[in-house]
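Engineer: My questions will all concern the structure given below.
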Amino acid sequence: THKAHTHTRMRNTRTATIQSIDPSSVHRICSGQVILDISSCAKELIENSADAGATNVEIRMREFGLESVEVSDNGSGVAREDVKMLTMKYATSKLRTFTDLEDGVDTFGFRGEALSSLCGTCERLIITTRTSSDEEGLKVTFDKNGDVETEEICARSVGTTVRVEKLFHPLPVRRKQFERNKAKEYAKLLRVLQGYALASETSGCRFVATHQQGKNGARQTVLQCRASVSNGGGGGFRDRVASVFGARTAESVFEIDIGLEREKSADEILEEEVKEEEE
């Protein structure tokens, strides 16, 4: 029976024809390659907040991130005419052509994949946003393909809130793995949040992260870090270390001044050689 089964599998493999994968499956497969875990989900949302000029970022998690992860900021918000483009693959305000990369990119993200991928890997994506030119906020729910499902006017200060509900719900194997390792994945998520709280690129942000267990459970603050005020002496970073890890850890931190030189690329070396020959 085993031999017959093996023979059948081999025969089917030989006679199989090449066909295009349906768009829905492609979207789910590619989305799972961008959003690998709850940490990468939070990473993408925090970086969007930083790119929007936020100085206050709040991260709210429920059930170790299994039920939801929500990132709220006081950034510039999203214009009404751009909201429907938020979840379209490769749609971004950060560059227009490939040559923009050569001029240098000063944002965390630029590919326009994160929100589209989140739509394909969660049960529901809800975005609430308002710009300084809007009188009220707009709350939009997106379906798995990134299309607008519902939208309504709501109260909100200037900024954006992105809520991801039940990550990996459309991917049963990934969802079960997440459920089995929720404590481990949650610990990894906290380390990622601590990293952004300490990073110099996000030092102008105040970070607050909270976690809630149970439907009516109390919300616990798991991270709180105020924005640094530059004083030229590195004290801002020490303050942030104290906020994240405590005063005792901050006391053991000391400044190291190291100059690092980047190795020249092959193109740069070639360009220098050409210039020398021309001279």
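Convention: chains lettered A, B, ... in structure tokens order; per-chain residue numbering from 1; ligands numbered from 1 as shown.
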Write out as a ChimeraX atom specification each polymer residue whose atoms come within 12 Å of Leu86 of chain A, counting only C-alpha atoms; drop sequence neighbours fewer than 2 positions from it.
Structural biologist: /A:48,77-84,88-93,111-119,125-129,140-142,145-148,160,162
Engineer: Using DSSP on the backbone, list every residue of segment 190-251 of chain A that comes out as strand (DSSP E), and give them as an MDAnalysis selection string.
Structural biologist: chainID A and resid 206:212 219:225
Engineer: Within 9 Å of segment 240-248 of chain A, counting only C-alpha atoms, which residues qualify if same-chain residues fewer than 5 places away don't, as a list in words?
Structural biologist: Gln194, Ala197, Leu198, Ser203, Leu223, Gln224, Cys225, Arg226, Ala227, Ser228, Gly235 and Val253 of chain A
Engineer: How would the residues just chosen look if you wrote them out with N, CA and C atoms as a PDB file, in the first residue's frame?
Structural biologist:
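Everything below was put into result.pdb:
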ATOM      1  N   GLN A 194      11.147  47.722  23.849  1.00  0.00           N
ATOM      2  CA  GLN A 194      12.241  48.324  24.613  1.00  0.00           C
ATOM      3  C   GLN A 194      13.311  48.881  23.680  1.00  0.00           C
ATOM      4  N   ALA A 197      12.158  52.136  22.330  1.00  0.00           N
ATOM      5  CA  ALA A 197      12.150  53.142  23.392  1.00  0.00           C
ATOM      6  C   ALA A 197      13.551  53.706  23.631  1.00  0.00           C
ATOM      7  N   LEU A 198      14.582  52.904  23.363  1.00  0.00           N
ATOM      8  CA  LEU A 198      15.956  53.326  23.617  1.00  0.00           C
ATOM      9  C   LEU A 198      16.663  53.873  22.379  1.00  0.00           C
ATOM     10  N   SER A 203      14.141  58.727  19.848  1.00  0.00           N
ATOM     11  CA  SER A 203      14.337  59.312  21.179  1.00  0.00           C
ATOM     12  C   SER A 203      13.399  60.484  21.449  1.00  0.00           C
ATOM     13  N   LEU A 223       5.474  49.064  29.877  1.00  0.00           N
ATOM     14  CA  LEU A 223       6.584  49.890  29.407  1.00  0.00           C
ATOM     15  C   LEU A 223       6.162  51.352  29.423  1.00  0.00           C
ATOM     16  N   GLN A 224       7.016  52.187  29.970  1.00  0.00           N
ATOM     17  CA  GLN A 224       6.739  53.622  29.961  1.00  0.00           C
ATOM     18  C   GLN A 224       8.071  54.353  29.850  1.00  0.00           C
ATOM     19  N   CYS A 225       8.201  55.153  28.815  1.00  0.00           N
ATOM     20  CA  CYS A 225       9.472  55.837  28.571  1.00  0.00           C
ATOM     21  C   CYS A 225       9.194  57.224  28.012  1.00  0.00           C
ATOM     22  N   ARG A 226       9.635  58.237  28.722  1.00  0.00           N
ATOM     23  CA  ARG A 226       9.409  59.609  28.260  1.00  0.00           C
ATOM     24  C   ARG A 226      10.406  59.983  27.177  1.00  0.00           C
ATOM     25  N   ALA A 227      10.085  60.997  26.407  1.00  0.00           N
ATOM     26  CA  ALA A 227      10.971  61.460  25.349  1.00  0.00           C
ATOM     27  C   ALA A 227      12.219  62.096  25.941  1.00  0.00           C
ATOM     28  N   SER A 228      13.337  61.960  25.229  1.00  0.00           N
ATOM     29  CA  SER A 228      14.593  62.537  25.703  1.00  0.00           C
ATOM     30  C   SER A 228      14.660  64.022  25.377  1.00  0.00           C
ATOM     31  N   GLY A 235      22.813  62.512  28.799  1.00  0.00           N
ATOM     32  CA  GLY A 235      21.918  62.233  29.913  1.00  0.00           C
ATOM     33  C   GLY A 235      20.542  61.791  29.479  1.00  0.00           C
ATOM     34  N   VAL A 253      25.330  52.411  33.252  1.00  0.00           N
ATOM     35  CA  VAL A 253      25.510  52.777  31.844  1.00  0.00           C
ATOM     36  C   VAL A 253      26.553  53.879  31.735  1.00  0.00           C
TER      37      VAL A 253
END
Engineer: Between atom CA of Glu149 of chain A and atom CA of Thr87 of chain A, what is the distance in Å, rounded to a tenth?
Structural biologist: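 We find that atom CA of Glu149 of chain A and atom CA of Thr87 of chain A lie 12.0 Å from each other.
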Engineer: Between atom CA of Cys205 of chain A and atom CA of Ser49 of chain A, measure the distance and give it in Å to one decimal.
Structural biologist: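 Interatomic distance here is 9.6 Å.
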